[in-house]
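Structure file input.cif (mmCIF, C-alpha atoms and all ligand atoms) is printed below.
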```
data_coords
loop_
_atom_site.label_atom_id
_atom_site.label_comp_id
_atom_site.auth_asym_id
_atom_site.auth_seq_id
_atom_site.Cartn_x
_atom_site.Cartn_y
_atom_site.Cartn_z
CA MET A 1011 9.72 5.61 16.06
CA ALA A 1012 7.68 6.21 12.91
CA LYS A 1013 3.94 5.68 13.04
CA HIS A 1014 3.00 2.28 11.77
CA TRP A 1015 -0.46 0.90 11.04
CA ALA A 1016 0.52 -1.85 13.49
CA ASP A 1017 0.46 0.71 16.35
CA PHE A 1018 -3.30 0.05 16.56
CA GLN A 1019 -2.32 -3.16 18.32
CA TYR A 1020 -0.66 -1.21 21.19
CA GLU A 1021 -3.59 1.20 21.30
CA ILE A 1022 -5.93 -1.73 21.94
CA TYR A 1023 -3.67 -3.27 24.61
CA LEU A 1024 -3.24 0.10 26.35
CA ASN A 1025 -7.00 0.70 26.38
CA GLY A 1026 -7.22 -2.66 28.07
CA MET A 1027 -5.50 -1.19 31.14
CA THR A 1028 -8.80 0.56 31.93
CA GLY A 1029 -10.75 -2.60 31.19
CA ALA A 1030 -11.87 -1.49 27.73
CA VAL A 1031 -12.06 -4.03 24.96
CA PRO A 1032 -12.81 -3.37 21.26
CA ARG A 1033 -16.51 -3.00 20.40
CA LEU A 1034 -16.16 -5.40 17.49
CA PRO A 1035 -14.02 -8.53 17.00
CA THR A 1036 -10.46 -7.99 15.75
CA ASP A 1037 -10.68 -11.24 13.77
CA LEU A 1038 -12.68 -9.79 10.89
CA THR A 1039 -13.82 -13.23 9.73
CA ARG A 1040 -16.11 -13.18 12.79
CA LEU A 1041 -18.07 -10.10 11.73
CA GLU A 1042 -20.42 -12.00 9.45
CA GLU A 1043 -21.68 -14.27 12.20
CA LEU A 1044 -22.13 -11.35 14.58
CA ALA A 1045 -24.04 -9.45 11.90
CA GLU A 1046 -26.27 -12.48 11.30
CA HIS A 1047 -27.35 -12.23 14.95
CA ARG A 1048 -27.87 -8.49 15.04
CA LEU A 1049 -29.16 -7.39 11.62
CA ALA A 1050 -32.51 -7.97 9.92
CA PRO A 1051 -32.78 -11.08 7.71
CA GLY A 1052 -33.58 -9.27 4.45
CA PRO A 1053 -30.63 -6.86 4.42
CA MET A 1054 -28.33 -9.48 5.98
CA GLY A 1055 -29.22 -12.03 3.32
CA TYR A 1056 -28.63 -9.48 0.59
CA VAL A 1057 -25.14 -8.59 1.84
CA ALA A 1058 -23.93 -12.04 2.90
CA GLY A 1059 -25.63 -13.89 0.07
CA SER A 1060 -24.00 -14.88 -3.17
CA ALA A 1061 -24.82 -16.62 -6.43
CA GLY A 1062 -26.22 -20.14 -6.66
CA ASP A 1063 -25.17 -22.49 -3.89
CA GLY A 1064 -22.51 -20.09 -2.65
CA SER A 1065 -19.64 -22.17 -4.02
CA THR A 1066 -17.86 -19.22 -5.65
CA ALA A 1067 -17.80 -17.24 -2.41
CA ARG A 1068 -16.40 -20.29 -0.60
CA ALA A 1069 -13.87 -20.89 -3.39
CA ASN A 1070 -12.65 -17.30 -2.99
CA ARG A 1071 -11.78 -17.98 0.63
CA ALA A 1072 -10.34 -21.42 -0.09
CA ALA A 1073 -8.06 -20.11 -2.85
CA LEU A 1074 -6.55 -17.56 -0.45
CA SER A 1075 -6.36 -20.05 2.37
CA ARG A 1076 -4.58 -22.63 0.17
CA ARG A 1077 -1.71 -20.18 -0.33
CA ARG A 1078 0.61 -20.12 2.67
CA ILE A 1079 3.21 -17.51 3.49
CA VAL A 1080 6.81 -18.59 4.04
CA PRO A 1081 8.20 -15.96 6.45
CA ARG A 1082 11.84 -14.83 6.21
CA MET A 1083 13.94 -13.87 9.24
CA LEU A 1084 16.57 -11.25 10.19
CA ARG A 1085 15.77 -8.75 7.46
CA ASP A 1086 15.57 -5.46 9.42
CA VAL A 1087 11.86 -4.70 9.30
CA GLY A 1088 11.83 -2.13 12.13
CA GLU A 1089 10.87 0.78 9.89
CA ARG A 1090 8.19 0.11 7.35
CA GLU A 1091 6.41 2.11 4.65
CA LEU A 1092 3.07 0.77 3.42
CA SER A 1093 2.29 3.42 0.82
CA VAL A 1094 1.87 2.38 -2.81
CA GLU A 1095 1.52 4.16 -6.15
CA VAL A 1096 -1.81 3.31 -7.77
CA LEU A 1097 -2.96 4.90 -11.02
CA GLY A 1098 -0.67 7.88 -10.52
CA ARG A 1099 -1.73 8.57 -6.94
CA SER A 1100 0.02 7.73 -3.71
CA LEU A 1101 -2.13 5.65 -1.34
CA PRO A 1102 -1.14 5.24 2.32
CA ALA A 1103 -1.61 1.47 2.05
CA PRO A 1104 -2.61 -1.02 -0.67
CA LEU A 1105 -6.32 -0.85 0.23
CA ALA A 1106 -9.55 0.79 -0.94
CA LEU A 1107 -13.19 0.32 0.07
CA ALA A 1108 -15.05 -1.59 -2.66
CA PRO A 1109 -18.17 -0.09 -4.23
CA VAL A 1110 -21.27 -1.40 -2.46
CA GLY A 1111 -24.75 -0.19 -3.38
CA VAL A 1112 -27.75 0.77 -1.23
CA LEU A 1113 -25.92 0.98 2.11
CA SER A 1114 -29.02 2.52 3.71
CA ILE A 1115 -30.19 -1.06 4.32
CA MET A 1116 -27.26 -1.43 6.75
CA HIS A 1117 -27.24 1.90 8.60
CA PRO A 1118 -29.07 5.24 8.36
CA ASP A 1119 -25.78 7.06 7.73
CA ALA A 1120 -25.18 4.67 4.81
CA GLU A 1121 -22.52 5.78 2.30
CA LEU A 1122 -21.79 8.97 4.25
CA ALA A 1123 -20.49 6.91 7.17
CA ALA A 1124 -18.41 4.65 4.95
CA ALA A 1125 -16.98 7.61 3.03
CA ARG A 1126 -16.13 9.51 6.22
CA ALA A 1127 -14.43 6.43 7.65
CA ALA A 1128 -12.35 6.00 4.49
CA ALA A 1129 -11.45 9.70 4.49
CA ALA A 1130 -10.51 9.61 8.19
CA GLN A 1131 -8.13 6.69 7.54
CA GLY A 1132 -6.85 8.08 4.22
CA VAL A 1133 -8.07 5.10 2.23
CA PRO A 1134 -9.84 5.69 -1.13
CA TYR A 1135 -13.61 5.27 -1.13
CA ILE A 1136 -15.20 3.84 -4.26
CA LEU A 1137 -18.77 5.07 -4.43
CA SER A 1138 -21.32 2.79 -6.11
CA SER A 1139 -23.56 4.14 -8.86
CA ALA A 1140 -26.38 2.53 -6.90
CA SER A 1141 -25.61 4.57 -3.79
CA SER A 1142 -28.53 5.44 -1.54
CA THR A 1143 -26.91 8.89 -1.21
CA PRO A 1144 -26.41 11.29 -4.14
CA MET A 1145 -22.74 11.40 -5.12
CA GLU A 1146 -22.48 15.15 -4.44
CA ARG A 1147 -23.42 14.66 -0.78
CA VAL A 1148 -20.80 11.94 -0.42
CA ALA A 1149 -18.22 14.21 -2.03
CA ASP A 1150 -19.13 17.06 0.35
CA ALA A 1151 -18.64 14.75 3.34
CA MET A 1152 -15.15 13.75 2.14
CA GLY A 1153 -13.44 17.13 1.76
CA ASP A 1154 -10.50 16.58 -0.56
CA ALA A 1155 -10.06 12.91 0.36
CA GLU A 1156 -9.46 10.38 -2.42
CA ARG A 1157 -12.69 9.16 -4.01
CA TRP A 1158 -13.37 7.02 -7.05
CA PHE A 1159 -16.70 6.48 -8.84
CA GLN A 1160 -18.04 3.07 -9.83
CA LEU A 1161 -20.20 3.07 -12.91
CA TYR A 1162 -22.94 0.63 -13.78
CA TRP A 1163 -22.59 0.94 -17.52
CA GLY A 1164 -26.24 0.66 -18.41
CA LYS A 1165 -28.60 1.08 -21.32
CA ASP A 1166 -29.25 4.81 -21.16
CA ARG A 1167 -26.42 6.81 -22.68
CA GLU A 1168 -27.73 10.10 -21.24
CA VAL A 1169 -27.71 8.68 -17.71
CA THR A 1170 -24.15 7.43 -18.23
CA ARG A 1171 -23.07 10.81 -19.56
CA SER A 1172 -24.78 12.59 -16.69
CA PHE A 1173 -23.08 10.33 -14.11
CA LEU A 1174 -19.67 10.97 -15.67
CA ASP A 1175 -20.24 14.74 -15.69
CA ARG A 1176 -21.52 14.74 -12.11
CA ALA A 1177 -18.66 12.52 -10.89
CA LYS A 1178 -16.07 14.73 -12.52
CA ALA A 1179 -17.62 17.90 -11.06
CA ALA A 1180 -17.80 16.28 -7.60
CA GLY A 1181 -14.08 15.45 -7.59
CA PHE A 1182 -14.15 11.69 -8.20
CA SER A 1183 -10.76 10.98 -9.78
CA VAL A 1184 -10.85 7.37 -11.00
CA LEU A 1185 -13.69 5.69 -12.92
CA VAL A 1186 -14.33 2.03 -12.02
CA VAL A 1187 -16.56 0.36 -14.63
CA THR A 1188 -18.21 -2.82 -13.42
CA LEU A 1189 -18.53 -5.39 -16.21
CA ASP A 1190 -19.75 -8.46 -14.34
CA THR A 1191 -23.22 -7.24 -13.34
CA GLN A 1192 -24.98 -6.53 -16.62
CA LEU A 1193 -27.66 -8.81 -15.17
CA LEU A 1194 -28.27 -9.62 -11.51
CA ALA A 1195 -27.35 -13.25 -10.97
CA TRP A 1196 -29.46 -16.06 -9.48
CA ARG A 1197 -29.22 -15.34 -5.75
CA PRO A 1198 -31.28 -17.86 -3.77
CA ARG A 1199 -30.99 -16.10 -0.43
CA ASP A 1200 -32.69 -13.03 -1.85
CA LEU A 1201 -35.13 -15.02 -3.98
CA ASP A 1202 -36.26 -17.17 -1.06
CA GLN A 1203 -37.12 -14.04 0.93
CA ALA A 1204 -38.34 -12.20 -2.19
CA TYR A 1205 -35.97 -9.47 -1.03
CA LEU A 1206 -34.54 -6.86 -3.35
CA PRO A 1207 -33.54 -3.69 -1.46
CA PHE A 1208 -35.00 -1.28 -4.01
CA LEU A 1209 -38.37 -2.98 -3.73
CA HIS A 1210 -38.19 -2.63 0.06
CA GLY A 1211 -37.91 1.11 0.17
CA ALA A 1212 -34.14 1.47 -0.06
CA GLY A 1213 -33.78 4.00 -2.84
CA THR A 1214 -30.83 4.40 -5.12
CA ALA A 1215 -30.92 8.15 -4.58
CA ASN A 1216 -27.93 8.54 -6.83
CA TYR A 1217 -30.11 7.51 -9.76
CA PHE A 1218 -33.34 8.97 -8.47
CA THR A 1219 -31.89 12.46 -8.15
CA ASP A 1220 -30.16 12.35 -11.52
CA PRO A 1221 -31.67 14.77 -14.07
CA ALA A 1222 -31.20 12.39 -17.02
CA PHE A 1223 -32.73 9.50 -15.07
CA ARG A 1224 -35.68 11.65 -14.01
CA ALA A 1225 -36.19 12.91 -17.54
CA GLY A 1226 -37.09 9.36 -18.59
CA LEU A 1227 -39.93 9.04 -16.08
CA GLU A 1228 -43.55 9.81 -16.94
CA ARG A 1229 -44.35 10.75 -13.34
CA SER A 1230 -41.86 12.03 -10.78
CA VAL A 1231 -39.98 9.70 -8.41
CA GLU A 1232 -41.99 11.23 -5.55
CA GLU A 1233 -45.36 10.59 -7.26
CA ASP A 1234 -44.58 7.08 -8.46
CA PRO A 1235 -41.57 5.54 -6.68
CA ASN A 1236 -42.33 2.05 -7.99
CA ALA A 1237 -42.05 3.22 -11.58
CA ALA A 1238 -38.66 4.75 -10.71
CA VAL A 1239 -37.47 1.45 -9.25
CA LEU A 1240 -38.62 -0.38 -12.38
CA ARG A 1241 -36.81 2.10 -14.60
CA PHE A 1242 -33.66 1.62 -12.51
CA LEU A 1243 -33.88 -2.18 -12.77
CA GLY A 1244 -34.47 -1.93 -16.51
CA LEU A 1245 -31.48 0.24 -17.29
CA PHE A 1246 -28.67 -0.16 -14.74
CA GLY A 1247 -27.19 -3.10 -16.65
CA ASP A 1248 -26.80 -3.71 -20.38
CA PRO A 1249 -25.91 -7.26 -21.44
CA GLY A 1250 -25.68 -6.04 -25.03
CA LYS A 1251 -22.40 -4.18 -24.52
CA THR A 1252 -19.18 -5.24 -26.32
CA TRP A 1253 -15.53 -4.18 -26.19
CA PRO A 1254 -15.72 -1.47 -28.90
CA ASP A 1255 -18.36 0.33 -26.78
CA LEU A 1256 -15.60 1.25 -24.32
CA ALA A 1257 -14.53 3.99 -26.76
CA PHE A 1258 -17.52 6.04 -25.53
CA LEU A 1259 -16.30 5.93 -21.93
CA ARG A 1260 -12.69 6.62 -22.93
CA ALA A 1261 -13.89 9.69 -24.86
CA HIS A 1262 -15.97 11.01 -21.95
CA TRP A 1263 -13.62 10.45 -18.99
CA ASP A 1264 -10.22 12.12 -18.80
CA GLY A 1265 -8.87 10.34 -15.73
CA PRO A 1266 -7.91 6.72 -15.18
CA ILE A 1267 -10.48 4.03 -16.05
CA VAL A 1268 -10.44 0.64 -14.34
CA LEU A 1269 -12.54 -2.34 -15.48
CA LYS A 1270 -13.94 -4.33 -12.57
CA GLY A 1271 -14.79 -8.01 -12.86
CA VAL A 1272 -12.01 -9.20 -15.19
CA LEU A 1273 -10.99 -12.84 -14.68
CA HIS A 1274 -9.57 -13.98 -18.04
CA PRO A 1275 -6.11 -12.87 -19.23
CA ASP A 1276 -7.46 -12.23 -22.75
CA ASP A 1277 -10.09 -9.86 -21.35
CA ALA A 1278 -7.33 -8.06 -19.49
CA ARG A 1279 -5.37 -7.74 -22.76
CA GLN A 1280 -8.48 -6.33 -24.47
CA ALA A 1281 -8.80 -3.82 -21.64
CA ALA A 1282 -5.25 -2.65 -22.29
CA ASP A 1283 -5.89 -2.48 -26.04
CA ALA A 1284 -9.01 -0.36 -25.40
CA GLY A 1285 -6.90 2.26 -23.60
CA MET A 1286 -7.96 1.34 -20.09
CA ASP A 1287 -5.63 1.98 -17.16
CA GLY A 1288 -6.39 -0.92 -14.87
CA VAL A 1289 -8.49 -3.94 -13.99
CA VAL A 1290 -9.96 -5.28 -10.80
CA VAL A 1291 -9.60 -9.05 -10.80
CA SER A 1292 -12.88 -9.88 -9.10
CA ASN A 1293 -15.84 -12.22 -9.24
CA HIS A 1294 -17.97 -9.72 -7.36
CA GLY A 1295 -17.47 -11.53 -4.07
CA GLY A 1296 -19.04 -14.67 -5.55
CA ARG A 1297 -22.32 -12.84 -6.16
CA GLN A 1298 -22.46 -13.22 -9.93
CA VAL A 1299 -21.29 -16.46 -11.60
CA ALA A 1300 -21.85 -19.50 -9.40
CA GLY A 1301 -19.15 -22.02 -10.15
CA SER A 1302 -16.75 -19.38 -11.45
CA VAL A 1303 -13.02 -19.46 -10.94
CA ALA A 1304 -11.89 -18.19 -7.54
CA ALA A 1305 -10.63 -14.63 -7.89
CA ALA A 1306 -7.27 -15.46 -6.28
CA ASP A 1307 -6.74 -18.28 -8.79
CA ALA A 1308 -7.43 -15.91 -11.69
CA LEU A 1309 -5.14 -13.19 -10.33
CA PRO A 1310 -1.66 -14.51 -11.23
CA ARG A 1311 -2.71 -15.29 -14.80
CA VAL A 1312 -4.10 -11.79 -15.31
CA ALA A 1313 -1.08 -10.20 -13.64
CA ASP A 1314 1.27 -12.21 -15.86
CA ALA A 1315 -0.66 -11.15 -18.97
CA VAL A 1316 -0.94 -7.39 -18.35
CA GLY A 1317 1.01 -6.52 -15.21
CA ASP A 1318 3.41 -4.39 -17.27
CA ARG A 1319 0.61 -2.54 -19.12
CA LEU A 1320 -2.16 -2.11 -16.53
CA THR A 1321 -2.62 -1.55 -12.81
CA VAL A 1322 -3.93 -4.84 -11.45
CA LEU A 1323 -6.22 -4.58 -8.43
CA PHE A 1324 -7.98 -7.44 -6.65
CA ASP A 1325 -11.08 -8.18 -4.62
CA SER A 1326 -13.35 -11.07 -3.57
CA GLY A 1327 -12.66 -12.86 -0.32
CA VAL A 1328 -10.23 -10.47 1.39
CA ARG A 1329 -10.92 -10.71 5.14
CA THR A 1330 -7.57 -10.45 6.94
CA GLY A 1331 -4.17 -8.81 6.76
CA ASP A 1332 -2.57 -11.98 5.49
CA ASP A 1333 -5.13 -12.06 2.65
CA VAL A 1334 -3.90 -8.62 1.59
CA PHE A 1335 -0.31 -9.90 1.68
CA LYS A 1336 -1.23 -12.96 -0.40
CA ALA A 1337 -3.06 -10.86 -3.00
CA LEU A 1338 0.03 -8.71 -3.45
CA ALA A 1339 2.19 -11.83 -3.74
CA LEU A 1340 -0.16 -13.13 -6.45
CA GLY A 1341 0.30 -9.96 -8.51
CA ALA A 1342 -2.10 -7.27 -7.22
CA ARG A 1343 -0.94 -3.71 -6.64
CA ALA A 1344 -3.69 -3.13 -4.08
CA VAL A 1345 -6.91 -4.75 -2.88
CA LEU A 1346 -10.53 -3.75 -2.36
CA VAL A 1347 -12.46 -4.98 0.63
CA GLY A 1348 -16.24 -5.43 0.43
CA ARG A 1349 -18.44 -7.24 2.95
CA PRO A 1350 -16.26 -6.79 6.06
CA TYR A 1351 -16.65 -3.02 6.05
CA VAL A 1352 -20.36 -3.35 5.25
CA TYR A 1353 -20.78 -5.48 8.39
CA GLY A 1354 -18.71 -2.94 10.32
CA LEU A 1355 -21.13 -0.27 9.10
CA GLY A 1356 -24.19 -2.30 10.03
CA LEU A 1357 -22.84 -3.10 13.50
CA ASP A 1358 -21.31 0.23 14.50
CA GLY A 1359 -21.68 2.90 11.79
CA GLN A 1360 -18.65 4.99 10.82
CA ALA A 1361 -16.69 3.69 13.83
CA GLY A 1362 -17.32 0.12 12.67
CA VAL A 1363 -15.95 0.87 9.21
CA GLU A 1364 -12.88 2.52 10.74
CA HIS A 1365 -12.41 -0.51 12.97
CA VAL A 1366 -12.35 -2.77 9.90
CA ILE A 1367 -9.84 -0.58 8.04
CA ARG A 1368 -7.54 -0.28 11.06
CA CYS A 1369 -7.63 -3.99 11.94
CA LEU A 1370 -7.01 -5.02 8.33
CA LEU A 1371 -4.05 -2.67 7.92
CA ALA A 1372 -2.57 -3.33 11.35
CA GLU A 1373 -2.67 -7.04 10.67
CA PHE A 1374 -1.24 -6.51 7.18
CA ASP A 1375 1.59 -4.36 8.57
CA LEU A 1376 2.45 -7.05 11.13
CA THR A 1377 2.25 -9.82 8.52
CA LEU A 1378 4.53 -7.85 6.23
CA ALA A 1379 7.11 -7.29 8.98
CA LEU A 1380 6.95 -10.79 10.41
CA SER A 1381 7.34 -12.22 6.90
CA GLY A 1382 10.51 -10.21 6.33
CA HIS A 1383 9.33 -7.15 4.33
CA ARG A 1384 9.53 -3.40 4.91
CA ALA A 1385 7.22 -2.42 2.04
CA PRO A 1386 4.55 -3.90 -0.21
CA GLY A 1387 6.73 -3.57 -3.30
CA THR A 1388 9.06 -6.43 -2.37
CA VAL A 1389 6.30 -8.99 -1.79
CA SER A 1390 6.27 -11.58 -4.58
CA ALA A 1391 5.26 -15.10 -5.55
CA ALA A 1392 8.45 -16.28 -3.83
CA ASP A 1393 6.77 -15.53 -0.47
CA LEU A 1394 4.08 -18.16 -1.00
CA VAL A 1395 3.71 -21.89 -1.28
CA GLU A 1396 0.53 -23.48 -2.55
CA GLU A 1397 -0.97 -26.39 -0.71
CA PRO A 1398 -2.66 -29.03 -2.84
CA GLY A 1399 -6.38 -28.15 -3.39
C1 LIG B 1 -24.15 -5.92 -0.76
C2 LIG B 1 -23.17 -5.74 -1.88
C3 LIG B 1 -23.44 -4.79 -2.85
C4 LIG B 1 -22.53 -4.58 -3.89
N1 LIG B 1 -22.77 -3.57 -4.78
C5 LIG B 1 -21.85 -3.33 -5.74
C6 LIG B 1 -22.02 -2.22 -6.60
O1 LIG B 1 -22.95 -1.43 -6.48
N2 LIG B 1 -21.09 -2.05 -7.58
C7 LIG B 1 -20.02 -2.90 -7.74
O2 LIG B 1 -19.22 -2.71 -8.66
N3 LIG B 1 -19.84 -3.93 -6.91
C8 LIG B 1 -20.71 -4.15 -5.91
N4 LIG B 1 -20.49 -5.18 -5.04
C9 LIG B 1 -19.26 -6.00 -5.17
C10 LIG B 1 -18.08 -5.38 -4.39
O3 LIG B 1 -17.63 -4.20 -4.99
C11 LIG B 1 -16.89 -6.34 -4.32
O4 LIG B 1 -16.54 -6.76 -5.63
C12 LIG B 1 -17.12 -7.58 -3.45
O5 LIG B 1 -17.92 -7.27 -2.32
C13 LIG B 1 -15.77 -8.13 -3.03
O6 LIG B 1 -15.90 -9.30 -2.34
P1 LIG B 1 -15.92 -9.42 -0.72
O7 LIG B 1 -17.27 -8.98 -0.29
O8 LIG B 1 -15.66 -10.88 -0.53
O9 LIG B 1 -14.80 -8.55 -0.18
C14 LIG B 1 -21.37 -5.40 -3.98
C15 LIG B 1 -21.11 -6.36 -3.00
C16 LIG B 1 -21.99 -6.53 -1.94
C17 LIG B 1 -21.65 -7.55 -0.88
O1 LIG B 2 -25.82 -6.58 -5.29
C1 LIG B 2 -24.81 -6.41 -5.97
O2 LIG B 2 -23.85 -7.22 -5.93
C2 LIG B 2 -24.70 -5.30 -6.86
O3 LIG B 2 -23.67 -5.19 -7.47
C3 LIG B 2 -25.77 -4.30 -7.03
C4 LIG B 2 -26.49 -4.27 -8.20
C5 LIG B 2 -27.47 -3.32 -8.37
C6 LIG B 2 -27.71 -2.38 -7.40
C7 LIG B 2 -26.98 -2.41 -6.22
C8 LIG B 2 -25.99 -3.37 -6.05
#
```

Before anything else, please render the file you have as structure tokens.
Ligand SMILES: Cc1cc2nc3c(=O)[nH]c(=O)nc-3n(C[C@H](O)[C@H](O)[C@H](O)COP(=O)(O)O)c2cc1C
Ligand SMILES: O=C(O)C(=O)c1ccccc1
Amino acid sequence: MAKHWADFQYEIYLNGMTGAVPRLPTDLTRLEELAEHRLAPGPMGYVAGSAGDGSTARANRAALSRRRIVPRMLRDVGERELSVEVLGRSLPAPLALAPVGVLSIMHPDAELAAARAAAAQGVPYILSSASSTPMERVADAMGDAERWFQLYWGKDREVTRSFLDRAKAAGFSVLVVTLDTQLLAWRPRDLDQAYLPFLHGAGTANYFTDPAFRAGLERSVEEDPNAAVLRFLGLFGDPGKTWPDLAFLRAHWDGPIVLKGVLHPDDARQAADAGMDGVVVSNHGGRQVAGSVAAADALPRVADAVGDRLTVLFDSGVRTGDDVFKALALGARAVLVGRPYVYGLGLDGQAGVEHVIRCLLAEFDLTLALSGHRAPGTVSAADLVEEPG
């Protein structure tokens, strides 16, 4: 019998013969509550929190939940193959770890633990620009495993150029440019605690070790860390950017470029016109525009508009294997998962991140099979019904 991601289910049951149970819940929607009990309020609020009254984050979940799968029977699903082609590379499953900054607030091993977990499971790791670990150290920890670099496309052209050069030299293959965070949104959970990780000692070492970033400081990061934090906050975003500015990135990055945070079909068309290779349909996990469209509601419209020209990826609200299935049915080629693996990291380090990846993909594999599919490529809108909102 071929190895399936679903075999993790038997592994858990067999471990149970010696009385062992998993260290973390296998229903990944329960991780947040567990993390609320175990982690410090500042970091926890930063990760779990979202924009405004939290309605966008809730809408993300509701939009997935409203779609229901209609399983098909007797379709020979004994042998399955979950691999997918994404941006010219073969991934073992339609999943990547989303870029999440300053992971040192969750665990001392921070991005190194997340990257090692992704590498161990063969899933791409997307490293945030705002990583608390320099990108070269993350690359070293990953061997030749698939890694992508997320860029905050900020105000300082030399820093951008330096990041692109460093990322290329460190073997990051895909550039993910985040468009929805040119300003940090109104986030009451952080504001009420006056908590911003960088102002609480969690450095963005990826910036702070960058030669172009350091060149703009009057005194060194070590002498005046607060000035470094202020410089970071002043330049990581640039609300002045417009579509023609993408030409600079296209000219300085040879590999695939994906724009993250696209929700409108016309923006997706502009991405294609600008020579981009993909988009991530995302509202940043509800952390940016309060009251924005749920990412899963935006997905089919974007996929219809550019599905034949661009690789369409999806994130915001993915928690379970059936969410992955639904995202594919709504037009995504693959999904990114954010908070669940960050809670896994905070609760159990690298092992916690691996737990999240394995649960998500085991559950996805089982959902696929039980719904009548042998591979992600045959999942379509015909597999879903939509309940009235
Ligand atoms: C604590 C935290 C930090 C994040 N930092 C970044 C970042 O540095 N760059 C980025 O593009 N997105 C960042 N994101 C957004 C994620 O990449 C992703 O879009 C989002 O978490 C997906 O939603 P989910 O958490 O519901 O899965 C962050 C999200 C969280 C929760
Ligand atoms: O908090 C976030 O959502 C985010 O994207 C971010 C922004 C700046 C630095 C680190 C993370």

Point-to-point distance from CA of Arg1077 in chain A to CA of Phe1335 in chain A, Å rounded to tenths: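 So the two atoms, CA of Arg1077 in chain A and CA of Phe1335 in chain A, lie 10.6 Å apart.
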
Any idea what's packed within 8 Å of Val1322 in chain A, counting all atoms listed in the file, ignoring anything in its chain fewer than 5 positions away? Could you give it as a ChimeraX atom specification? /A:1288-1291,1312-1313,1316-1317,1341-1344

Using only C-alpha atoms, which of A:Ala1125, A:Gly1062, A:Gly1387, A:Glu1233 sits nearest Gly1359 in chain A?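 Ranking A:Ala1125, A:Gly1062, A:Gly1387, A:Glu1233 by distance to Gly1359 in chain A, first place goes to A:Ala1125.
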
For ligand LIG 1 (chain B), return the neighbouring residues as a CSV table (one decimal) with C-alpha atoms, in the coordinates of the input (distance at most 9 Å; only C-alpha atoms and all ligand atoms).
```csv
chain,number,residue,atom,x,y,z
A,1053,PRO,CA,-30.6,-6.9,4.4
A,1054,MET,CA,-28.3,-9.5,6.0
A,1055,GLY,CA,-29.2,-12.0,3.3
A,1056,TYR,CA,-28.6,-9.5,0.6
A,1057,VAL,CA,-25.1,-8.6,1.8
A,1058,ALA,CA,-23.9,-12.0,2.9
A,1059,GLY,CA,-25.6,-13.9,0.1
A,1060,SER,CA,-24.0,-14.9,-3.2
A,1067,ALA,CA,-17.8,-17.2,-2.4
A,1070,ASN,CA,-12.6,-17.3,-3.0
A,1071,ARG,CA,-11.8,-18.0,0.6
A,1107,LEU,CA,-13.2,0.3,0.1
A,1108,ALA,CA,-15.0,-1.6,-2.7
A,1109,PRO,CA,-18.2,-0.1,-4.2
A,1110,VAL,CA,-21.3,-1.4,-2.5
A,1111,GLY,CA,-24.8,-0.2,-3.4
A,1112,VAL,CA,-27.8,0.8,-1.2
A,1113,LEU,CA,-25.9,1.0,2.1
A,1136,ILE,CA,-15.2,3.8,-4.3
A,1137,LEU,CA,-18.8,5.1,-4.4
A,1138,SER,CA,-21.3,2.8,-6.1
A,1139,SER,CA,-23.6,4.1,-8.9
A,1140,ALA,CA,-26.4,2.5,-6.9
A,1141,SER,CA,-25.6,4.6,-3.8
A,1160,GLN,CA,-18.0,3.1,-9.8
A,1161,LEU,CA,-20.2,3.1,-12.9
A,1162,TYR,CA,-22.9,0.6,-13.8
A,1186,VAL,CA,-14.3,2.0,-12.0
A,1187,VAL,CA,-16.6,0.4,-14.6
A,1188,THR,CA,-18.2,-2.8,-13.4
A,1189,LEU,CA,-18.5,-5.4,-16.2
A,1190,ASP,CA,-19.8,-8.5,-14.3
A,1191,THR,CA,-23.2,-7.2,-13.3
A,1270,LYS,CA,-13.9,-4.3,-12.6
A,1271,GLY,CA,-14.8,-8.0,-12.9
A,1290,VAL,CA,-10.0,-5.3,-10.8
A,1291,VAL,CA,-9.6,-9.0,-10.8
A,1292,SER,CA,-12.9,-9.9,-9.1
A,1293,ASN,CA,-15.8,-12.2,-9.2
A,1294,HIS,CA,-18.0,-9.7,-7.4
A,1295,GLY,CA,-17.5,-11.5,-4.1
A,1296,GLY,CA,-19.0,-14.7,-5.6
A,1297,ARG,CA,-22.3,-12.8,-6.2
A,1324,PHE,CA,-8.0,-7.4,-6.6
A,1325,ASP,CA,-11.1,-8.2,-4.6
A,1326,SER,CA,-13.4,-11.1,-3.6
A,1327,GLY,CA,-12.7,-12.9,-0.3
A,1328,VAL,CA,-10.2,-10.5,1.4
A,1329,ARG,CA,-10.9,-10.7,5.1
A,1346,LEU,CA,-10.5,-3.8,-2.4
A,1347,VAL,CA,-12.5,-5.0,0.6
A,1348,GLY,CA,-16.2,-5.4,0.4
A,1349,ARG,CA,-18.4,-7.2,3.0
A,1350,PRO,CA,-16.3,-6.8,6.1
A,1351,TYR,CA,-16.6,-3.0,6.0
A,1352,VAL,CA,-20.4,-3.4,5.2
```

d(CA of Arg1033 in chain A, CA of Glu1046 in chain A) in Å: 16.4 Å

What's around Glu1397 in chain A at 9 Å? Count all atoms listed in the file, leave out sequence neighbours fewer than 3 positions away in its own chain, and write the answer as an mmCIF file with C-alpha atoms, in the coordinates of the input.
```
data_model
loop_
_atom_site.group_PDB
_atom_site.id
_atom_site.type_symbol
_atom_site.label_atom_id
_atom_site.label_comp_id
_atom_site.auth_asym_id
_atom_site.auth_seq_id
_atom_site.Cartn_x
_atom_site.Cartn_y
_atom_site.Cartn_z
ATOM 1 C CA SER A 1075 -6.360 -20.050 2.370
ATOM 2 C CA ARG A 1076 -4.580 -22.630 0.170
ATOM 3 C CA ARG A 1077 -1.710 -20.180 -0.330
ATOM 4 C CA ARG A 1078 0.610 -20.120 2.670
#
```
